[in-house]
file input18.cif (mmCIF, C-alpha atoms)
data_upload
loop_
_atom_site.label_atom_id
_atom_site.label_comp_id
_atom_site.auth_asym_id
_atom_site.auth_seq_id
_atom_site.Cartn_x
_atom_site.Cartn_y
_atom_site.Cartn_z
CA MET S 1 95.62 151.87 122.04
CA ALA S 2 93.40 152.61 119.13
CA ALA S 3 92.21 150.12 116.56
CA ASN S 4 94.85 151.36 114.17
CA PRO S 5 97.28 148.46 113.82
CA MET S 6 100.18 150.85 113.31
CA THR S 7 100.01 152.52 116.71
CA GLN S 8 102.04 149.69 118.20
CA PHE S 9 105.03 150.91 116.23
CA GLU S 10 104.92 154.43 117.58
CA VAL S 11 108.01 155.61 119.37
CA TYR S 12 107.51 157.81 122.38
CA ARG S 13 109.82 159.45 124.83
CA ILE S 14 110.32 157.93 128.25
CA GLY S 15 111.59 160.43 130.74
CA PRO S 16 113.10 163.80 129.89
CA GLU S 17 114.23 165.06 126.54
CA ILE S 18 117.98 164.60 126.08
CA LYS S 19 119.74 166.64 123.45
CA ILE S 20 123.31 166.77 122.22
CA GLY S 21 123.50 169.96 120.21
CA ALA S 22 120.61 169.83 117.80
CA LEU S 23 120.35 166.03 118.03
CA ASP S 24 117.54 164.49 120.04
CA ILE S 25 118.79 161.34 121.75
CA SER S 26 115.99 160.98 124.27
CA PHE S 27 115.40 157.63 125.90
CA THR S 28 112.38 156.08 124.19
CA ASN S 29 110.45 152.85 124.35
CA ALA S 30 112.65 151.65 121.47
CA SER S 31 115.76 152.41 123.54
CA LEU S 32 114.17 150.62 126.49
CA PHE S 33 113.75 147.40 124.54
CA MET S 34 117.22 147.62 123.07
CA VAL S 35 118.56 147.89 126.61
CA VAL S 36 116.28 145.09 127.84
CA SER S 37 117.32 142.76 125.00
CA SER S 38 121.00 143.46 125.48
CA LEU S 39 120.75 143.00 129.23
CA ALA S 40 118.81 139.75 128.80
CA ILE S 41 121.50 138.42 126.45
CA LEU S 42 124.28 139.47 128.80
CA VAL S 43 122.57 137.99 131.86
CA ILE S 44 121.73 134.69 130.19
CA PHE S 45 125.16 134.20 128.65
CA ASN S 46 126.93 135.36 131.75
CA LEU S 47 125.05 132.80 133.79
CA GLY S 48 125.71 130.22 131.10
CA SER S 49 129.46 130.79 131.17
CA LYS S 50 129.98 131.25 134.90
CA LYS S 51 130.38 127.68 136.03
CA ASN S 52 131.97 125.00 133.98
CA SER S 53 130.74 121.62 135.00
CA LEU S 54 131.42 118.55 132.95
CA LEU S 55 127.71 117.97 132.79
CA PRO S 56 126.31 121.41 131.92
CA ASN S 57 123.16 122.68 133.57
CA LYS S 58 120.28 124.03 131.50
CA ILE S 59 121.46 127.61 131.14
CA GLN S 60 125.02 126.56 130.43
CA LEU S 61 123.74 124.14 127.83
CA LEU S 62 121.72 126.95 126.27
CA ALA S 63 124.74 129.22 126.07
CA GLU S 64 126.99 126.50 124.70
CA LEU S 65 124.46 125.28 122.16
CA SER S 66 123.99 128.86 120.92
CA TYR S 67 127.75 129.21 120.71
CA THR S 68 128.22 126.05 118.70
CA PHE S 69 125.17 126.84 116.56
CA VAL S 70 126.53 130.24 115.51
CA SER S 71 130.07 129.00 115.17
CA LYS S 72 128.91 126.14 112.92
CA MET S 73 126.82 128.56 110.88
CA ILE S 74 129.83 130.81 110.33
CA SER S 75 132.28 128.04 109.50
CA ASP S 76 129.76 126.45 107.11
CA THR S 77 129.10 129.62 105.15
CA ALA S 78 132.25 131.71 105.45
CA GLY S 79 134.95 129.18 106.29
CA SER S 80 137.68 129.35 108.88
CA LYS S 81 138.84 132.82 107.81
CA ALA S 82 135.71 134.32 109.34
CA LYS S 83 136.69 133.31 112.84
CA PRO S 84 137.75 136.83 113.96
CA TYR S 85 134.24 138.06 113.15
CA PHE S 86 132.56 135.38 115.25
CA SER S 87 131.87 137.70 118.18
CA PHE S 88 130.26 140.28 115.96
CA ILE S 89 128.01 137.80 114.17
CA PHE S 90 127.12 136.14 117.45
CA SER S 91 126.17 139.48 118.99
CA LEU S 92 124.25 140.44 115.87
CA PHE S 93 122.30 137.18 115.78
CA MET S 94 121.50 137.31 119.47
CA PHE S 95 120.55 140.97 119.41
CA VAL S 96 118.17 140.57 116.48
CA LEU S 97 116.77 137.33 117.90
CA PHE S 98 116.14 138.80 121.35
CA CYS S 99 114.64 142.00 119.93
CA ASN S 100 112.33 139.90 117.75
CA MET S 101 111.38 137.62 120.60
CA PHE S 102 110.75 140.43 123.08
CA GLY S 103 108.48 141.92 120.45
CA MET S 104 106.34 138.79 120.66
CA ILE S 105 105.28 139.62 124.21
CA PRO S 106 102.00 141.59 124.14
CA TYR S 107 102.24 145.34 124.75
CA THR S 108 105.97 145.38 124.09
CA PHE S 109 107.79 147.25 121.38
CA THR S 110 109.57 145.48 118.54
CA VAL S 111 112.87 147.22 117.97
CA THR S 112 113.52 145.43 114.68
CA SER S 113 110.22 146.57 113.20
CA HIS S 114 111.78 149.95 112.58
CA ILE S 115 113.52 150.45 109.26
CA ILE S 116 116.03 152.84 110.75
CA VAL S 117 117.30 150.23 113.22
CA THR S 118 117.63 147.43 110.69
CA PHE S 119 119.06 149.82 108.14
CA VAL S 120 121.78 151.02 110.50
CA LEU S 121 122.73 147.41 111.22
CA ALA S 122 122.68 146.48 107.53
CA ALA S 123 124.60 149.58 106.49
CA PHE S 124 127.22 148.90 109.13
CA ILE S 125 127.57 145.33 107.85
CA PHE S 126 127.69 146.52 104.24
CA ILE S 127 130.35 149.13 104.90
CA GLY S 128 132.34 146.78 107.12
CA VAL S 129 132.26 143.96 104.57
CA THR S 130 133.29 146.31 101.77
CA ILE S 131 136.21 147.63 103.82
CA ILE S 132 137.29 144.08 104.74
CA GLY S 133 137.09 143.10 101.07
CA PHE S 134 139.27 146.00 99.93
CA ILE S 135 141.78 145.42 102.74
CA LYS S 136 142.06 141.71 101.96
CA HIS S 137 142.16 141.92 98.17
CA GLY S 138 142.94 145.54 97.33
CA LEU S 139 141.42 146.61 94.04
CA GLY S 140 141.13 142.92 93.17
CA TYR S 141 137.96 142.98 95.25
CA LEU S 142 136.31 144.62 92.22
CA LYS S 143 136.57 141.23 90.51
CA LEU S 144 133.53 140.40 92.59
CA PHE S 145 131.51 142.25 89.95
CA VAL S 146 132.98 140.24 87.08
CA PRO S 147 131.78 136.66 87.32
CA SER S 148 133.99 134.16 85.55
CA GLY S 149 132.71 132.20 82.59
CA VAL S 150 130.44 134.93 81.26
CA PRO S 151 130.53 135.70 77.53
CA ILE S 152 132.27 139.00 76.69
CA VAL S 153 129.16 140.34 75.02
CA LEU S 154 127.11 139.97 78.16
CA LEU S 155 129.82 141.27 80.45
CA PRO S 156 128.86 144.99 80.58
CA LEU S 157 125.30 144.08 81.42
CA ILE S 158 126.32 141.52 84.03
CA VAL S 159 128.73 143.94 85.69
CA VAL S 160 126.00 146.58 85.97
CA ILE S 161 123.60 144.02 87.43
CA GLU S 162 126.23 142.80 89.88
CA ILE S 163 127.01 146.32 91.04
CA ILE S 164 123.33 147.10 91.52
CA SER S 165 122.80 143.87 93.44
CA TYR S 166 125.83 144.59 95.60
CA LEU S 167 124.71 148.12 96.36
CA SER S 168 121.18 146.99 97.15
CA ARG S 169 122.45 144.54 99.76
CA PRO S 170 121.97 146.83 102.76
CA ILE S 171 118.50 147.77 101.56
CA SER S 172 117.39 144.20 100.97
CA LEU S 173 118.91 143.05 104.24
CA SER S 174 117.27 145.77 106.30
CA VAL S 175 113.92 145.79 104.53
CA ARG S 176 113.62 142.00 104.79
CA LEU S 177 113.85 142.05 108.55
CA PHE S 178 111.88 145.24 109.10
CA ALA S 179 109.06 144.27 106.74
CA ASN S 180 108.74 140.81 108.16
CA MET S 181 108.50 142.05 111.71
CA MET S 182 106.19 144.89 110.89
CA ALA S 183 103.90 142.80 108.72
CA GLY S 184 103.66 140.02 111.26
CA HIS S 185 102.85 142.33 114.13
CA THR S 186 100.37 144.32 112.08
CA MET S 187 98.65 141.14 111.04
CA MET S 188 98.39 139.96 114.60
CA LYS S 189 96.99 143.30 115.65
CA VAL S 190 94.44 143.22 112.84
CA PHE S 191 93.27 139.75 113.78
CA GLY S 192 93.17 140.77 117.44
CA GLY S 193 90.98 143.70 116.40
CA PHE S 194 88.68 141.29 114.52
CA VAL S 195 88.27 139.23 117.68
CA ILE S 196 87.03 142.32 119.51
CA SER S 197 84.82 143.61 116.77
CA LEU S 198 83.20 140.24 116.00
CA GLY S 199 82.62 139.53 119.68
CA VAL S 200 81.69 136.26 121.36
CA VAL S 201 79.69 135.04 118.38
CA GLY S 202 82.08 135.39 115.50
CA GLY S 203 85.35 136.10 117.26
CA TRP S 204 86.46 132.50 117.59
CA LEU S 205 87.68 132.14 114.03
CA PRO S 206 90.03 135.17 114.12
CA LEU S 207 91.05 134.15 117.64
CA SER S 208 92.17 130.72 116.49
CA PHE S 209 93.89 132.35 113.56
CA SER S 210 95.58 134.75 115.94
CA VAL S 211 96.86 131.83 118.03
CA ALA S 212 98.25 130.14 114.93
CA LEU S 213 99.80 133.43 113.84
CA THR S 214 101.56 133.77 117.18
CA GLY S 215 103.28 130.44 116.57
CA LEU S 216 104.14 131.48 113.04
CA GLU S 217 105.50 134.82 114.25
CA ILE S 218 107.74 133.14 116.80
CA LEU S 219 109.09 131.00 113.98
CA VAL S 220 109.54 134.10 111.83
CA ALA S 221 111.27 135.92 114.68
CA PHE S 222 113.85 133.14 114.87
CA LEU S 223 114.03 132.65 111.12
CA GLN S 224 114.62 136.32 110.37
CA ALA S 225 117.37 136.60 112.96
CA TYR S 226 118.94 133.51 111.41
CA VAL S 227 118.55 134.87 107.87
CA PHE S 228 120.03 138.20 108.93
CA ALA S 229 123.05 136.50 110.48
CA ILE S 230 123.56 134.02 107.67
CA LEU S 231 123.35 136.72 104.99
CA THR S 232 125.99 138.62 106.93
CA CYS S 233 128.10 135.48 106.83
CA ILE S 234 127.57 135.14 103.09
CA TYR S 235 128.57 138.76 102.47
CA LEU S 236 131.59 138.23 104.68
CA ASN S 237 132.42 135.09 102.72
CA ASP S 238 132.41 137.14 99.50
CA ALA S 239 134.85 139.57 101.06
CA LEU S 240 137.12 136.96 102.61
CA ASN S 241 137.20 134.22 99.97
CA LEU S 242 137.00 135.96 96.65
CA HIS S 243 136.34 133.23 94.12
CA HIS S 244 133.91 134.59 91.63
CA MET Z 1 107.13 124.54 104.36
CA ILE Z 2 109.52 127.43 104.86
CA LYS Z 3 109.12 128.37 101.24
CA LYS Z 4 105.39 128.44 101.64
CA ILE Z 5 105.66 130.58 104.76
CA PHE Z 6 108.02 132.87 102.95
CA PHE Z 7 105.62 133.37 100.08
CA GLN Z 8 102.77 133.88 102.48
CA LEU Z 9 104.79 136.49 104.27
CA VAL Z 10 105.63 138.25 101.05
CA PHE Z 11 101.99 138.20 100.13
CA PHE Z 12 100.86 139.52 103.49
CA ASN Z 13 103.58 142.11 103.48
CA LEU Z 14 102.30 143.56 100.25
CA PHE Z 15 98.73 143.29 101.45
CA PHE Z 16 99.35 145.16 104.64
CA LEU Z 17 101.71 147.71 103.21
CA LYS Z 18 98.96 148.65 100.81
CA GLU Z 19 96.50 148.71 103.67
CA VAL Z 20 98.79 150.92 105.68
CA PHE Z 21 99.40 153.39 102.93
CA ALA Z 22 95.70 153.39 102.17
CA ALA Z 23 94.91 154.21 105.77
CA GLU Z 24 96.89 157.46 105.63
CA SER Z 25 95.99 158.25 109.22
CA GLY Z 26 99.46 159.38 110.12
CA GLY Z 27 101.06 156.68 107.93
CA MET Z 28 103.82 154.42 109.20
CA PRO Z 29 105.46 155.53 112.43
CA GLN Z 30 108.64 153.98 111.07
CA LEU Z 31 108.91 156.69 108.44
CA ASN Z 32 108.59 159.47 110.98
CA PRO Z 33 112.14 160.77 111.39
CA GLU Z 34 111.48 162.38 114.76
CA PHE Z 35 113.26 159.68 116.78
CA TRP Z 36 115.64 158.34 114.16
CA ILE Z 37 118.67 159.94 115.70
CA SER Z 38 117.68 158.70 119.13
CA GLN Z 39 117.22 155.16 117.80
CA ILE Z 40 120.55 155.23 116.01
CA PHE Z 41 122.25 156.52 119.12
CA TRP Z 42 120.73 153.95 121.45
CA LEU Z 43 121.24 151.14 118.97
CA THR Z 44 124.92 152.01 118.65
CA LEU Z 45 125.27 152.31 122.40
CA THR Z 46 123.48 149.11 123.40
CA PHE Z 47 124.80 147.00 120.55
CA GLY Z 48 128.30 148.36 121.09
CA ILE Z 49 128.23 147.50 124.79
CA LEU Z 50 126.70 144.12 124.01
CA TYR Z 51 129.40 143.38 121.45
CA VAL Z 52 132.25 144.49 123.67
CA VAL Z 53 131.06 142.58 126.74
CA LEU Z 54 130.25 139.45 124.73
CA SER Z 55 133.49 139.41 122.78
CA LYS Z 56 135.80 140.38 125.65
CA LEU Z 57 134.24 138.63 128.62
CA ILE Z 58 131.60 136.06 127.88
CA LEU Z 59 132.40 134.36 124.60
CA PRO Z 60 136.03 133.57 125.49
CA LYS Z 61 134.76 131.97 128.69
CA ILE Z 62 132.24 129.82 126.82
CA SER Z 63 134.88 128.89 124.29
CA ALA Z 64 137.32 127.99 127.08
CA ASN Z 65 134.62 125.96 128.81
CA LEU Z 66 133.91 124.06 125.62
CA GLU Z 67 137.59 123.45 124.98
CA LEU Z 68 138.11 122.34 128.55
CA ARG Z 69 135.22 119.91 128.35
CA LYS Z 70 136.47 118.60 125.04
CA SER Z 71 139.97 118.06 126.38
CA GLN Z 72 138.62 116.56 129.59
CA ILE Z 73 136.51 114.10 127.67
CA GLN Z 74 139.44 113.34 125.41
CA GLU Z 75 141.65 112.78 128.44
CA ASN Z 76 139.10 110.52 130.01
CA ILE Z 77 138.81 108.54 126.81
CA GLU Z 78 142.58 108.25 126.63
CA ALA Z 79 142.80 107.18 130.27
CA ALA Z 80 140.12 104.59 129.70
CA GLU Z 81 141.98 103.36 126.64
CA LYS Z 82 145.20 103.12 128.63
CA GLN Z 83 143.52 101.22 131.41
CA ARG Z 84 141.96 98.87 128.93
CA GLU Z 85 145.35 98.25 127.36
CA SER Z 86 147.03 97.65 130.69
CA SER Z 87 144.28 95.28 131.78
CA GLU Z 88 144.64 93.44 128.50
CA ALA Z 89 148.37 93.16 129.08
CA LYS Z 90 147.72 91.88 132.58
CA LEU Z 91 145.28 89.35 131.23
CA LYS Z 92 147.86 88.20 128.71
CA GLU Z 93 150.47 87.93 131.43
CA TYR Z 94 148.08 85.90 133.49
CA ASP Z 95 147.34 83.62 130.57
CA ASP Z 96 151.06 83.20 129.93
CA ILE Z 97 151.71 82.32 133.54
CA ILE Z 98 148.88 79.82 133.53
CA SER Z 99 150.01 78.14 130.34
CA LYS Z 100 153.63 78.12 131.50
CA SER Z 101 152.76 76.58 134.82
CA LYS Z 102 150.59 74.04 133.07
CA LEU Z 103 153.52 73.10 130.86
CA GLU Z 104 155.80 72.93 133.86
CA ALA Z 105 153.38 70.73 135.75
CA ASN Z 106 153.15 68.47 132.75
CA ASN Z 107 156.92 68.25 132.52
CA ILE Z 108 157.26 67.49 136.21
CA PHE Z 109 154.63 64.84 135.96
CA LYS Z 110 156.29 63.25 132.95
CA GLU Z 111 159.69 63.30 134.62
CA ALA Z 112 158.34 61.78 137.78
CA ARG Z 113 156.62 59.09 135.80
CA GLU Z 114 159.75 58.25 133.88
CA ASN Z 115 161.80 58.15 137.07
CA VAL Z 116 159.33 55.86 138.70
CA LEU Z 117 159.19 53.64 135.66
CA LYS Z 118 162.98 53.46 135.54
CA GLU Z 119 163.18 52.57 139.19
CA ILE Z 120 160.55 49.96 138.77
CA ASN Z 121 162.41 48.49 135.83
CA VAL Z 122 165.70 48.41 137.72
CA LYS Z 123 164.10 46.76 140.71
CA LYS Z 124 162.31 44.32 138.48
CA GLU Z 125 165.55 43.36 136.78
CA THR Z 126 167.41 42.81 140.05
CA LEU Z 127 164.51 40.85 141.41
CA ASP Z 128 164.41 38.76 138.23
CA LYS Z 129 168.09 38.08 138.57
CA GLN Z 130 167.73 37.10 142.18
CA ILE Z 131 164.82 34.87 141.34
CA ASP Z 132 166.77 33.31 138.49
CA GLU Z 133 169.73 32.64 140.79
CA GLU Z 134 167.55 31.09 143.46
CA VAL Z 135 165.80 28.96 140.89
CA LYS Z 136 169.16 27.83 139.55
CA LYS Z 137 170.42 26.96 143.03
CA VAL Z 138 167.30 25.05 143.83
CA GLU Z 139 167.46 23.22 140.51
CA GLU Z 140 171.08 22.28 141.19
CA GLU Z 141 170.13 20.99 144.60
CA ILE Z 142 167.30 19.03 143.09
CA ASN Z 143 169.61 17.57 140.50
CA LEU Z 144 172.09 16.67 143.20
CA LEU Z 145 169.40 15.06 145.22
CA LYS Z 146 168.15 13.20 142.18
CA LYS Z 147 171.56 11.86 141.45
CA GLY Z 148 172.09 10.76 145.07
CA ALA Z 149 168.61 9.28 145.33
CA SER Z 150 169.10 6.34 142.93
CA GLU Z 151 172.23 5.22 144.71
CA LYS Z 152 170.55 5.48 148.10
CA ILE Z 153 167.54 3.61 146.81
CA ASN Z 154 169.83 0.93 145.38
CA LYS Z 155 171.60 0.64 148.72
CA ILE Z 156 168.31 0.39 150.54
CA ALA Z 157 167.12 -2.11 147.99
CA ILE Z 158 170.28 -4.19 148.43
CA GLU Z 159 170.00 -4.17 152.23
CA THR Z 160 166.36 -5.04 152.23
CA THR Z 161 166.94 -7.70 149.65
CA SER Z 162 169.79 -9.25 151.70
CA GLU Z 163 167.68 -9.15 154.86
CA LEU Z 164 164.72 -10.62 153.00
CA LEU Z 165 166.95 -13.32 151.62
CA VAL Z 166 168.28 -14.03 155.12
CA LYS Z 167 164.82 -14.38 156.46
CA LEU Z 168 163.58 -16.40 153.50
CA ILE Z 169 166.44 -18.78 153.00
CA GLY Z 170 168.49 -18.27 156.07
CA THR Z 171 171.70 -17.90 154.29
CA GLU Z 172 173.63 -14.85 153.58
CA VAL Z 173 174.04 -14.00 149.97
CA ASN Z 174 177.03 -12.09 148.81
CA ASN Z 175 176.20 -8.42 148.78
CA SER Z 176 178.02 -7.80 145.55
CA SER Z 177 175.91 -10.26 143.60
CA ILE Z 178 172.72 -8.67 144.93
CA SER Z 179 173.93 -5.25 144.07
CA ALA Z 180 174.69 -6.43 140.55
CA ILE Z 181 171.12 -7.64 140.12
CA VAL Z 182 169.69 -4.42 141.64
CA ASP Z 183 171.84 -2.31 139.40
CA ASP Z 184 170.75 -4.30 136.44
CA LEU Z 185 167.08 -3.91 137.40
CA SER Z 186 167.38 -0.26 138.16
CA LYS Z 187 169.03 0.37 134.82
CA ARG Z 188 166.36 -1.58 132.95
CA ASN Z 189 163.40 -0.20 134.83
CA GLY Z 190 164.91 3.06 136.01
CA ASP Z 191 162.30 5.00 134.14
CA LYS Z 192 159.58 3.32 136.03
CA TYR Z 193 160.91 4.23 139.47
CA TYR Z 194 162.55 7.57 139.15
CA GLY Z 195 160.72 9.25 136.40
CA ASN Z 196 163.92 10.17 134.62
#

call {"tool": "encode", "arguments": {"input": "input18.cif", "output": "structure tokens"}}
result
Amino acid sequence: MAANPMTQFEVYRIGPEIKIGALDISFTNASLFMVVSSLAILVIFNLGSKKNSLLPNKIQLLAELSYTFVSKMISDTAGSKAKPYFSFIFSLFMFVLFCNMFGMIPYTFTVTSHIIVTFVLAAFIFIGVTIIGFIKHGLGYLKLFVPSGVPIVLLPLIVVIEIISYLSRPISLSVRLFANMMAGHTMMKVFGGFVISLGVVGGWLPLSFSVALTGLEILVAFLQAYVFAILTCIYLNDALNLHH
Amino acid sequence: MIKKIFFQLVFFNLFFLKEVFAAESGGMPQLNPEFWISQIFWLTLTFGILYVVLSKLILPKISANLELRKSQIQENIEAAEKQRESSEAKLKEYDDIISKSKLEANNIFKEARENVLKEINVKKETLDKQIDEEVKKVEEEINLLKKGASEKINKIAIETTSELLVKLIGTEVNNSSISAIVDDLSKRNGDKYYGN
């Protein structure tokens, strides 16, 4: 581990090189933490759904509170029509949250700090939402780009802006998460480096800052997972309830 | 608070992005496409499995658990409500019985009192009658006695007078003349002697 704050984001192969044709799908540290996050989610929620006692124990309460939290979030933002997509949004929220949170443990790898990961998720959401919109409303889904109550003169401009904003959704969604995670972890690394370089005499200030940053980063890890999920809900709401 | 954090993050993002690009010592590992395919593959795999297992196995269970608990609680509430209602009905029944029996007791008491009073009245009347009859009889007897008394007294008076006269003058006086005098006296002074 060098002093370079970016080394923590390096992906390296674990085990042998696996190739399908020309494609390299080797198991890496990124893959490891995806697997670890998914397994952690599955184990926790499996334990939380195993027994059903009238008075839930802690892990059951955790699972049920998460369930109601996500279900309330979806019904608040996208209405009752979004119910079939509950499982997907729940998985998405939990996956991003667990990846973010595992990244907060020192010497681990943050899956969501890689643009390719967040971009694949965002692109999948974008394409899925667009398909759902066209299936539900046909070509009427294009009305999304024509807000009502806009003067005719401004309409061409507004439509162009709307289309650009719609097309930039996957980019904004993915970059928001990736940049937040990367920036937070880089910052923590930088302040950790300051602690070392300033030593016992001057290291206390960056150390205290580092501690505060850890709290902030945990908040950000939750907040970004929440924002990612809720933006998905909002996009889904646009596709399901077209009332522009 | 969140807004502030957000702006701070935006600020720091820019700060560190600049820093990173300035560093140029290999740049951002994120932009190195060497493992992109691998990441996409593993992301699809893990997230796909996660989604399938969650949506097919775990989430329906949690949902069923929640529903079950909800319905159980609802049932319990309903049962409690029913029990409350039944106990209220019982209480009402009890109150009814109490008030009814109170009324009945009152009625019985009243009836008994009236009966007793009636009996007493009847007995009183018969007794009064008896008493009246007795009093009348006695009064009649007294009257009879009173009537007889003056004659007897006159007779006694006549006899004593004749005997006294015999002793005093030694001659017998005709009884009829004495009785005339006695009658005359008794008529004049009857009030004095008999209280009539």

call {"tool": "interface_residues", "arguments": {"input": "input18.cif", "of": "chain Z", "to": "chain S", "cutoff": "7 Å", "atoms": "all atoms listed in the file", "output": "count of residues only"}}
result
24

call {"tool": "atom_distance", "arguments": {"input": "input18.cif", "atom1": "CA of Leu164 (chain Z)", "atom2": "CA of Gly148 (chain Z)"}}
result
24.0 Å

call {"tool": "closest_residue", "arguments": {"input": "input18.cif", "among": "Z:Asn115, Z:Ser86, Z:Thr44, Z:Thr160", "to": "Ser179 (chain Z)", "atoms": "only C-alpha atoms"}}
result
Z:Thr160

call {"tool": "resolve_selection", "arguments": {"input": "input18.cif", "expression": "the PyMOL selection byres ((chain S and resi 169) around 12)", "output": "CSV table (one decimal) with C-alpha atoms, keeping the file's coordinate frame"}}
result
chain,number,residue,atom,x,y,z
S,119,PHE,CA,119.1,149.8,108.1
S,121,LEU,CA,122.7,147.4,111.2
S,122,ALA,CA,122.7,146.5,107.5
S,123,ALA,CA,124.6,149.6,106.5
S,124,PHE,CA,127.2,148.9,109.1
S,125,ILE,CA,127.6,145.3,107.8
S,126,PHE,CA,127.7,146.5,104.2
S,127,ILE,CA,130.4,149.1,104.9
S,129,VAL,CA,132.3,144.0,104.6
S,130,THR,CA,133.3,146.3,101.8
S,162,GLU,CA,126.2,142.8,89.9
S,163,ILE,CA,127.0,146.3,91.0
S,164,ILE,CA,123.3,147.1,91.5
S,165,SER,CA,122.8,143.9,93.4
S,166,TYR,CA,125.8,144.6,95.6
S,167,LEU,CA,124.7,148.1,96.4
S,168,SER,CA,121.2,147.0,97.2
S,170,PRO,CA,122.0,146.8,102.8
S,171,ILE,CA,118.5,147.8,101.6
S,172,SER,CA,117.4,144.2,101.0
S,173,LEU,CA,118.9,143.0,104.2
S,174,SER,CA,117.3,145.8,106.3
S,175,VAL,CA,113.9,145.8,104.5
S,176,ARG,CA,113.6,142.0,104.8
S,228,PHE,CA,120.0,138.2,108.9
S,231,LEU,CA,123.4,136.7,105.0
S,232,THR,CA,126.0,138.6,106.9
S,234,ILE,CA,127.6,135.1,103.1
S,235,TYR,CA,128.6,138.8,102.5

call {"tool": "atom_distance", "arguments": {"input": "input18.cif", "atom1": "CA of Glu151 (chain Z)", "atom2": "CA of Glu172 (chain Z)"}}
result
22.0 Å

call {"tool": "atom_distance", "arguments": {"input": "input18.cif", "atom1": "CA of Lys143 (chain S)", "atom2": "CA of His243 (chain S)"}}
result
8.8 Å

call {"tool": "resolve_selection", "arguments": {"input": "input18.cif", "expression": "the PyMOL selection byres ((chain S and resi 104) around 10)", "output": "ChimeraX atom specification"}}
result
/S:98-103,105-110,181,184-185,214-215,217-218,221

call {"tool": "resolve_selection", "arguments": {"input": "input18.cif", "expression": "the PyMOL selection byres ((chain S and resi 75) around 12)", "output": "PDB file with C-alpha atoms, keeping the file's coordinate frame"}}
result
ATOM      1  CA  THR S  68     128.220 126.050 118.700  1.00  0.00           C
ATOM      2  CA  PHE S  69     125.170 126.840 116.560  1.00  0.00           C
ATOM      3  CA  VAL S  70     126.530 130.240 115.510  1.00  0.00           C
ATOM      4  CA  SER S  71     130.070 129.000 115.170  1.00  0.00           C
ATOM      5  CA  LYS S  72     128.910 126.140 112.920  1.00  0.00           C
ATOM      6  CA  MET S  73     126.820 128.560 110.880  1.00  0.00           C
ATOM      7  CA  ILE S  74     129.830 130.810 110.330  1.00  0.00           C
ATOM      8  CA  ASP S  76     129.760 126.450 107.110  1.00  0.00           C
ATOM      9  CA  THR S  77     129.100 129.620 105.150  1.00  0.00           C
ATOM     10  CA  ALA S  78     132.250 131.710 105.450  1.00  0.00           C
ATOM     11  CA  GLY S  79     134.950 129.180 106.290  1.00  0.00           C
ATOM     12  CA  SER S  80     137.680 129.350 108.880  1.00  0.00           C
ATOM     13  CA  LYS S  81     138.840 132.820 107.810  1.00  0.00           C
ATOM     14  CA  ALA S  82     135.710 134.320 109.340  1.00  0.00           C
ATOM     15  CA  LYS S  83     136.690 133.310 112.840  1.00  0.00           C
ATOM     16  CA  PRO S  84     137.750 136.830 113.960  1.00  0.00           C
ATOM     17  CA  TYR S  85     134.240 138.060 113.150  1.00  0.00           C
ATOM     18  CA  PHE S  86     132.560 135.380 115.250  1.00  0.00           C
ATOM     19  CA  ILE S  89     128.010 137.800 114.170  1.00  0.00           C
ATOM     20  CA  ILE S 230     123.560 134.020 107.670  1.00  0.00           C
ATOM     21  CA  CYS S 233     128.100 135.480 106.830  1.00  0.00           C
ATOM     22  CA  ILE S 234     127.570 135.140 103.090  1.00  0.00           C
ATOM     23  CA  LEU S 236     131.590 138.230 104.680  1.00  0.00           C
ATOM     24  CA  ASN S 237     132.420 135.090 102.720  1.00  0.00           C
TER      25      ASN S 237
END
